[in-house]
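File shown: start_6.cif (mmCIF, C-alpha atoms).
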data_query
loop_
_atom_site.label_atom_id
_atom_site.label_comp_id
_atom_site.auth_asym_id
_atom_site.auth_seq_id
_atom_site.Cartn_x
_atom_site.Cartn_y
_atom_site.Cartn_z
CA MET A 1 20.76 29.71 3.23
CA VAL A 2 19.39 26.74 1.28
CA LEU A 3 20.09 23.18 2.44
CA VAL A 4 19.03 19.91 0.83
CA SER A 5 18.80 16.94 3.14
CA ASP A 6 18.25 13.20 3.14
CA GLU A 7 18.95 10.10 5.18
CA CYS A 8 20.37 6.69 4.36
CA ARG A 9 20.77 3.37 6.10
CA ILE A 10 23.73 1.08 5.50
CA GLN A 11 23.08 -2.51 6.51
CA LYS A 12 25.30 -5.56 6.65
CA GLU A 13 23.44 -8.84 6.47
CA SER A 14 24.79 -12.33 5.87
CA GLY A 15 23.50 -14.14 2.85
CA ILE A 16 24.49 -16.80 0.35
CA THR A 17 24.10 -16.37 -3.37
CA SER A 18 25.94 -19.45 -4.68
CA ILE A 19 28.33 -22.19 -3.52
CA TRP A 20 30.42 -25.00 -4.95
CA TYR A 21 29.65 -28.54 -3.82
CA GLN A 22 30.14 -32.12 -4.97
CA ARG A 23 27.32 -33.39 -7.17
CA GLY A 24 24.82 -35.40 -5.17
CA LYS A 25 26.10 -34.16 -1.80
CA TYR A 26 24.29 -31.11 -0.51
CA PRO A 27 26.26 -29.17 2.09
CA GLU A 28 24.84 -27.84 5.31
CA ILE A 29 25.44 -24.12 5.50
CA LYS A 30 25.11 -22.19 8.73
CA VAL A 31 24.69 -18.46 8.54
CA GLU A 32 24.36 -16.13 11.50
CA GLN A 33 21.39 -13.87 10.90
CA VAL A 34 22.86 -10.88 12.69
CA LYS A 35 22.02 -7.59 11.06
CA GLN A 36 24.32 -4.65 11.59
CA ALA A 37 23.18 -1.24 10.46
CA LEU A 38 23.95 2.43 10.77
CA SER A 39 21.91 5.39 9.59
CA PHE A 40 23.16 8.77 8.46
CA TYR A 41 21.43 12.13 8.21
CA GLY A 42 23.01 14.63 5.86
CA ALA A 43 22.47 18.18 4.64
CA LEU A 44 24.26 19.96 1.83
CA ASP A 45 24.56 23.74 1.55
CA VAL A 46 23.72 24.27 -2.13
CA LYS A 47 25.81 27.45 -2.35
CA THR A 48 29.04 26.40 -0.62
CA GLY A 49 28.90 22.61 -1.03
CA ARG A 50 29.59 22.14 2.68
CA GLU A 51 27.89 19.21 4.34
CA THR A 52 26.63 18.39 7.80
CA VAL A 53 26.31 14.74 8.83
CA LEU A 54 24.91 12.94 11.85
CA ASP A 55 25.24 9.20 12.37
CA ALA A 56 22.43 7.44 14.20
CA SER A 57 21.46 3.91 15.14
CA ARG A 58 18.02 4.37 13.53
CA GLN A 59 15.96 6.88 11.57
CA THR A 60 13.43 8.11 14.13
CA SER A 61 11.88 11.42 15.14
CA PHE A 62 14.34 11.52 18.06
CA TYR A 63 17.38 11.44 15.77
CA THR A 64 15.75 13.74 13.23
CA VAL A 65 15.28 16.42 15.91
CA ARG A 66 18.86 15.82 17.02
CA PHE A 67 20.01 16.44 13.45
CA LEU A 68 17.91 19.61 13.20
CA ARG A 69 19.50 20.87 16.43
CA LYS A 70 22.92 20.24 14.92
CA LEU A 71 21.93 22.30 11.86
CA GLU A 72 20.51 25.01 14.10
CA ALA A 73 23.78 25.27 16.02
CA LYS A 74 25.85 25.37 12.83
CA TYR A 75 23.69 28.02 11.14
CA ARG A 76 22.73 30.04 14.23
CA GLY A 77 21.44 33.50 13.37
CA LYS A 78 20.87 32.67 9.70
CA ASN A 79 17.58 32.02 7.96
CA VAL A 80 17.58 28.46 6.65
CA LEU A 81 15.41 26.82 4.01
CA LEU A 82 15.68 23.05 4.41
CA ILE A 83 14.47 20.92 1.49
CA TRP A 84 13.82 17.26 2.27
CA ASP A 85 11.43 14.40 1.56
CA GLY A 86 8.38 13.43 3.59
CA ALA A 87 9.91 10.45 5.39
CA PRO A 88 8.02 9.06 8.41
CA SER A 89 10.84 10.20 10.70
CA HIS A 90 10.02 13.82 9.71
CA ARG A 91 6.66 13.75 11.48
CA GLY A 92 5.43 13.77 15.09
CA GLU A 93 8.01 15.29 17.42
CA VAL A 94 9.79 16.80 14.43
CA ARG A 95 6.77 18.90 13.43
CA LYS A 96 6.42 20.18 17.01
CA TYR A 97 10.09 21.12 17.06
CA LEU A 98 9.83 22.93 13.72
CA LYS A 99 6.81 24.96 14.87
CA GLU A 100 8.96 26.31 17.70
CA LYS A 101 11.77 27.19 15.27
CA LYS A 102 9.60 28.57 12.47
CA GLN A 103 11.36 31.94 12.28
CA GLU A 104 14.81 30.36 12.02
CA MET A 105 14.19 27.33 9.84
CA GLU A 106 11.68 26.79 7.05
CA VAL A 107 11.16 23.26 5.76
CA THR A 108 9.66 22.10 2.48
CA ASN A 109 9.17 18.67 0.92
#

Go through the file and emit its structure as structure tokens.
Amino acid sequence: MVLVSDECRIQKESGITSIWYQRGKYPEIKVEQVKQALSFYGALDVKTGRETVLDASRQTSFYTVRFLRKLEAKYRGKNVLLIWDGAPSHRGEVRKYLKEKKQEMEVTN
């Protein structure tokens, strides 16, 4: 079983690029600087085209391990090769988790 995986972050942030105003009168513009964001982890089975997705508030080791557990449950009993990048959220706790699961899941960057 070969899976390719990546993460993305979708962010909504207020901003102004251009406005109309009367010449000589500069308007006061108030913008709330509230950022809203959501991250997604995804894996694609290269043979079947089926995907697995996890939404998360951030991209951290905690959520990365959570995503790996989701993959583990979905592909239980199958050998999995997971291909992904070397993002910072793939280190620390993630490496410890993967050492425990070495026989079930192999990961490469």

Record the distance separating CA of Ser57 (chain A) and CA of Leu38 (chain A), expressed in Å with one decimal. 5.2 Å

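With all atoms listed in the file as the atoms that count, the minimum distance from Thr60 (chain A) to the choices A:Lys96, A:Lys78, A:Lys47, A:Arg91 is reached by A:Arg91.
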
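Taken over the whole file, the PyMOL selection byres ((chain A and resi 5) around 9) covers exactly Leu3, Val4, Asp6, Glu7, Tyr41, Gly42, Ala43, Leu44, Leu82, Ile83, Trp84 and Asp85 of chain A.
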
Long-range neighbours of Arg9 (chain A) as a list in words, 10 Å cut-off, all atoms listed in the file, 6 positions minimum in chain: Ala37, Leu38, Ser39, Phe40, Tyr41, Asp55, Ala56, Ser57, Arg58 and Gln59 of chain A

Give as a compact mmCIF listing (two decimals) with C-alpha atoms, keeping the file's coordinate frame the residues that the PyMOL selection byres ((chain A and resi 73-77) around 12) matches when applied to the coordinates above.
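Heads up, here's the output in selection_30.txt:
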# COMPACT_ATOMS: atom_id res chain seq x y z
CA MET A 1 20.76 29.71 3.23
CA VAL A 2 19.39 26.74 1.28
CA LEU A 3 20.09 23.18 2.44
CA ALA A 43 22.47 18.18 4.64
CA ASP A 45 24.56 23.74 1.55
CA ARG A 50 29.59 22.14 2.68
CA GLU A 51 27.89 19.21 4.34
CA THR A 52 26.63 18.39 7.80
CA VAL A 53 26.31 14.74 8.83
CA ARG A 66 18.86 15.82 17.02
CA PHE A 67 20.01 16.44 13.45
CA LEU A 68 17.91 19.61 13.20
CA ARG A 69 19.50 20.87 16.43
CA LYS A 70 22.92 20.24 14.92
CA LEU A 71 21.93 22.30 11.86
CA GLU A 72 20.51 25.01 14.10
CA LYS A 78 20.87 32.67 9.70
CA ASN A 79 17.58 32.02 7.96
CA VAL A 80 17.58 28.46 6.65
CA LEU A 81 15.41 26.82 4.01
CA LEU A 82 15.68 23.05 4.41
CA LYS A 101 11.77 27.19 15.27
CA GLN A 103 11.36 31.94 12.28
CA GLU A 104 14.81 30.36 12.02
CA MET A 105 14.19 27.33 9.84

Work out how far CA of Gln11 (chain A) is from CA of Lys30 (chain A), in Å to one decimal. 19.9 Å

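For the atom pair formed by CA of Val46 (chain A) and CA of Phe62 (chain A), the distance is 25.7 Å, given to one decimal.
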
Considering only C-alpha atoms, return as a PyMOL selection string whatever protein or nucleic-acid residues lie within 9 Å of Thr64 (chain A), sequence-local ones (same chain, fewer than 6 positions apart) excluded. chain A and resi 41+89-90+93-94

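Nearest-residue note for Glu32 (chain A): choosing from A:Thr48, A:Pro88, A:Ile19, A:Ser14, the minimum distance belongs to A:Ser14, counting only C-alpha atoms.
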